[in-house]
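Asker: Next up is a structure, given as C-alpha cells.
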Amino acid sequence: MAIVELDSSRVSGPSEPRFSLAGMEAIWGYLFISPWIVGFMLLTAIPMVATLVFTFTNITLTGDEPLRFVGLENYERMLGDPRTWDALGVTLRFAAVALPIGLLIPFAIALLLNSSSLRGSRYFQALFFMPFVIPFVAALFAWAGMLNPQTGWINGLLEFIGLEGRDWINDPDWIFSALVLIGIWGIGSAVIINLAGLQNVPTELYDAARVDGAGWWGQLRHVTIPLMSPVLFYSITLGMIGVLQYFLVPLVLNGGDGRPSGNTYFMNVHIYKTFFTFQNMSEGATLAWFLFLIILAFTLVLFWSARYWVYYAGETK
C-alpha cells in the first residue's frame, strides 16, 4: 500500500480571528464613546487650547488692531487690575459662607430622611428633589419676586412673626444671605447623593457601636462620617468648583453689574463682562485661565488632604 505524504504547507487548520475578543470589545467601546470624544475635542479641548493662545495675543471681538503676539502683557495687566482682586475677593468670601452651608444642610436632611422613625421618606425625597428639575432661570425670577422688599412673601412672613423685613437683593449686608437661600432651595440632588451614601453604611456597624455604648453622636462621629467620607469628599470637590464658578444667579438678579456695592461682582461675572461687554477676548481668556489655575490649586490641595481623612472600605494602608 502506497504511503501518501502530505505537504504540511498546504494543510492549514481553522483560520485565527484577526481580532481577539478583548480587541473587539475595545473597538466597540471606542465606537460607542466616539460621539463624546468628538464633542470633547470640538467643544472643550480645542477651545481651551485656543483661549490659552489668546492670552498671548491682543485679539478682540471688534478687531480694531492687527493681531500680534504680546507675550505676558495680558497677565501683567490682569494682575495689576484692582477689579480682578475685587472680583476674586467677592468670590472667596461667598465661597466661605455658601460652601459649608451647602454641604451641611443636605447632609443633615439626608440623616433625617434615613431615620427609621420617619414615615413616608420617599415622598419627602421627591419633594426635596422637585425644585432641582425646575428650569433654573425661571426659578430665579420667582425668587426675585419672593425676595421683593415690598411685595415678597418672605418679608411678609417675617413681619407676621414680628420681625423686620429686609431689602434682600439691594442691601450689601443681606445679599449673600439671599444668594445662599436661593442655593439651598436647589439642594435636592445633594440630598439624594448623601442619602444614597448613608443607605450603604452597613447596619451591623451601628449595632456594634451601640453594644460598645455609643450614643447618637458617637455613632455619627465614629461610624457615619468615616464611612461617608468618600461621598463628602465628592460633594466638597464639586461644591468648591461650583461656588468658585458662581455666575448665573448674580447675572440674572442684578444684570452682572455688581449691585449692591460690588458684592455680586463675582470672578465669572468679571470674565463674562470682559469677554462680551468690553469685547476683549485676550484679557477675558487670561482671566479664565487665572480662575482655572486657582480652582486647580484648591482641587489639588483637597486631593492631597484626602489621604488623611477619606476612608474607603477594604482599603489597606
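Lettering and numbering for the C-alpha cells are positional, with chains as A, B, ... in the shown order, residues counted from 1 in each chain, and ligands counted from 1 in the shown order.
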I'd like the contact shell of Gln150 (chain A) - 10 Å cut-off, only C-alpha atoms, skipping same-chain residues fewer than 6 positions apart - returned as number ranges by chain.
Answerer: A: 156, 165-167
Asker: Those selected residues, please, written with C-alpha atoms and delivered as a short mmCIF file (atom, residue, chain, number, x, y, z; two decimals), in the first residue's frame.
Answerer:
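Result went into selection.cif, see below:
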```cif
data_model
loop_
_atom_site.label_atom_id
_atom_site.label_comp_id
_atom_site.auth_asym_id
_atom_site.auth_seq_id
_atom_site.Cartn_x
_atom_site.Cartn_y
_atom_site.Cartn_z
CA GLY A 156 -44.47 89.26 54.74
CA GLY A 165 -38.35 92.76 56.66
CA ARG A 166 -35.14 93.14 54.67
CA ASP A 167 -34.18 94.50 51.28
#
```
Asker: Can you check which residues of region 19-157 of chain A DSSP gives as alpha helix (DSSP H) on the backbone and send them as an mmCIF file with C-alpha atoms, in the first residue's frame?
Answerer:
```
data_model
loop_
_atom_site.group_PDB
_atom_site.id
_atom_site.type_symbol
_atom_site.label_atom_id
_atom_site.label_comp_id
_atom_site.auth_asym_id
_atom_site.auth_seq_id
_atom_site.Cartn_x
_atom_site.Cartn_y
_atom_site.Cartn_z
ATOM 1 C CA LEU A 21 -12.366 39.181 21.958
ATOM 2 C CA ALA A 22 -10.753 41.877 24.087
ATOM 3 C CA GLY A 23 -9.744 43.761 20.932
ATOM 4 C CA MET A 24 -13.285 43.645 19.540
ATOM 5 C CA GLU A 25 -14.683 44.864 22.847
ATOM 6 C CA ALA A 26 -12.214 47.746 22.812
ATOM 7 C CA ILE A 27 -13.168 48.682 19.231
ATOM 8 C CA TRP A 28 -16.882 48.672 20.029
ATOM 9 C CA GLY A 29 -16.218 50.619 23.200
ATOM 10 C CA TYR A 30 -14.387 53.352 21.288
ATOM 11 C CA LEU A 31 -17.167 53.424 18.693
ATOM 12 C CA PHE A 32 -19.804 53.962 21.370
ATOM 13 C CA ILE A 33 -17.879 56.752 23.110
ATOM 14 C CA SER A 34 -16.726 58.369 19.871
ATOM 15 C CA PRO A 35 -19.572 60.980 19.939
ATOM 16 C CA TRP A 36 -18.375 62.081 23.371
ATOM 17 C CA ILE A 37 -14.728 62.131 22.221
ATOM 18 C CA VAL A 38 -15.617 64.253 19.175
ATOM 19 C CA GLY A 39 -17.713 66.594 21.305
ATOM 20 C CA PHE A 40 -14.976 66.878 23.920
ATOM 21 C CA ILE A 46 -9.709 72.816 21.208
ATOM 22 C CA PRO A 47 -11.415 75.901 22.763
ATOM 23 C CA MET A 48 -9.190 75.535 25.855
ATOM 24 C CA VAL A 49 -6.059 75.494 23.717
ATOM 25 C CA ALA A 50 -7.401 78.451 21.713
ATOM 26 C CA THR A 51 -8.030 80.532 24.841
ATOM 27 C CA LEU A 52 -4.519 79.733 26.069
ATOM 28 C CA VAL A 53 -3.154 81.065 22.775
ATOM 29 C CA PHE A 54 -5.396 84.152 23.108
ATOM 30 C CA GLU A 73 1.306 91.777 28.812
ATOM 31 C CA ASN A 74 -2.205 90.419 29.425
ATOM 32 C CA TYR A 75 -1.080 88.664 32.609
ATOM 33 C CA GLU A 76 0.658 91.794 33.878
ATOM 34 C CA ARG A 77 -2.397 93.903 33.115
ATOM 35 C CA MET A 78 -4.696 91.391 34.815
ATOM 36 C CA LEU A 79 -2.582 91.199 37.975
ATOM 37 C CA PRO A 82 -7.909 96.057 41.030
ATOM 38 C CA ARG A 83 -11.164 94.701 39.552
ATOM 39 C CA THR A 84 -9.545 91.272 39.308
ATOM 40 C CA TRP A 85 -8.746 91.167 43.020
ATOM 41 C CA ASP A 86 -12.113 92.687 43.980
ATOM 42 C CA ALA A 87 -13.937 90.004 41.988
ATOM 43 C CA LEU A 88 -11.736 87.261 43.426
ATOM 44 C CA GLY A 89 -12.302 88.584 46.953
ATOM 45 C CA VAL A 90 -16.074 88.575 46.482
ATOM 46 C CA THR A 91 -15.926 85.018 45.132
ATOM 47 C CA LEU A 92 -13.805 83.699 48.001
ATOM 48 C CA ARG A 93 -15.904 85.431 50.674
ATOM 49 C CA PHE A 94 -19.082 83.992 49.227
ATOM 50 C CA ALA A 95 -17.470 80.550 48.975
ATOM 51 C CA ALA A 96 -16.528 80.707 52.660
ATOM 52 C CA VAL A 97 -20.208 81.261 53.517
ATOM 53 C CA ALA A 98 -22.060 79.224 50.904
ATOM 54 C CA LEU A 99 -19.896 76.089 50.713
ATOM 55 C CA PRO A 100 -20.209 74.957 54.367
ATOM 56 C CA ILE A 101 -23.959 75.640 54.368
ATOM 57 C CA GLY A 102 -24.370 73.850 51.041
ATOM 58 C CA LEU A 103 -22.634 70.802 52.499
ATOM 59 C CA LEU A 104 -24.115 70.653 56.000
ATOM 60 C CA ILE A 105 -27.800 71.179 55.179
ATOM 61 C CA PRO A 106 -28.091 68.389 52.557
ATOM 62 C CA PHE A 107 -26.196 66.048 54.893
ATOM 63 C CA ALA A 108 -28.482 66.898 57.816
ATOM 64 C CA ILE A 109 -31.614 66.440 55.694
ATOM 65 C CA ALA A 110 -30.293 63.107 54.422
ATOM 66 C CA LEU A 111 -29.757 61.987 58.030
ATOM 67 C CA LEU A 112 -33.391 62.807 58.796
ATOM 68 C CA LEU A 113 -34.656 61.035 55.682
ATOM 69 C CA SER A 121 -39.371 59.041 53.451
ATOM 70 C CA ARG A 122 -39.723 58.514 49.681
ATOM 71 C CA TYR A 123 -42.362 61.249 49.442
ATOM 72 C CA PHE A 124 -40.062 63.689 51.203
ATOM 73 C CA GLN A 125 -37.234 62.686 48.860
ATOM 74 C CA ALA A 126 -39.414 63.548 45.880
ATOM 75 C CA LEU A 127 -40.408 66.888 47.442
ATOM 76 C CA PHE A 128 -36.792 67.867 48.086
ATOM 77 C CA PHE A 129 -35.766 66.839 44.573
ATOM 78 C CA PHE A 136 -33.140 77.480 36.977
ATOM 79 C CA VAL A 137 -33.667 80.842 35.270
ATOM 80 C CA ALA A 138 -37.428 80.593 35.746
ATOM 81 C CA ALA A 139 -36.844 79.756 39.410
ATOM 82 C CA LEU A 140 -34.585 82.801 39.789
ATOM 83 C CA PHE A 141 -37.317 85.126 38.545
ATOM 84 C CA ALA A 142 -39.695 83.519 41.024
ATOM 85 C CA TRP A 143 -37.176 84.079 43.822
ATOM 86 C CA ALA A 144 -36.715 87.699 42.762
ATOM 87 C CA GLY A 145 -40.430 88.170 43.356
ATOM 88 C CA MET A 146 -40.384 86.327 46.690
ATOM 89 C CA TRP A 153 -43.922 86.818 50.826
ATOM 90 C CA ILE A 154 -40.645 86.228 52.689
ATOM 91 C CA ASN A 155 -40.759 89.715 54.190
ATOM 92 C CA GLY A 156 -44.467 89.262 54.741
ATOM 93 C CA LEU A 157 -43.767 86.093 56.734
#
```
Asker: So how many Å separate CA of Gly262 (chain A) and CA of Asp81 (chain A), to one decimal?
Answerer: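 Spanning CA of Gly262 (chain A) to CA of Asp81 (chain A) is a straight-line distance of 15.2 Å.
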Asker: Which one of A:Gly284, A:Gly215, A:Gly255, A:Gly197 sits closest to Pro230 (chain A) if you count only C-alpha atoms?
Answerer: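 The shortest atom-to-atom distance to Pro230 (chain A) comes from A:Gly197.
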Asker: Between CA of Leu220 (chain A) and CA of Glu204 (chain A), what distance in Å does the model show, to one decimal?
Answerer: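 If I compute the distance from CA of Leu220 (chain A) to CA of Glu204 (chain A), I get 14.1 Å.
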Asker: For a quick check of understanding, using only C-alpha atoms, which of A:His222, A:Ala285, A:Leu232, A:Ala178 has the smallest distance to Ala196 (chain A)?
Answerer: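 Checking each of A:His222, A:Ala285, A:Leu232, A:Ala178 against Ala196 (chain A), counting only C-alpha atoms, the winner is A:Leu232.
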Asker: Report, in Å to a single decimal, how far apart CA of Ile225 (chain A) and CA of Leu198 (chain A) are.
Answerer: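 If I compute the distance from CA of Leu198 (chain A) to CA of Ile225 (chain A), I get 9.3 Å.
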Asker: May I have the residues within 8 Å of region 288-293 of chain A as a ChimeraX atom specification, using only C-alpha atoms and disregarding those fewer than 2 positions away in the same chain?
Answerer: /A:52,267-268,271,284-286,295-297
Asker: If you count only C-alpha atoms, which residues fall within 9 Å of region 56-69 of chain A, apart from same-chain ones fewer than 6 positions away, as a ChimeraX atom specification?
Answerer: /A:75,275-276,278-283,286
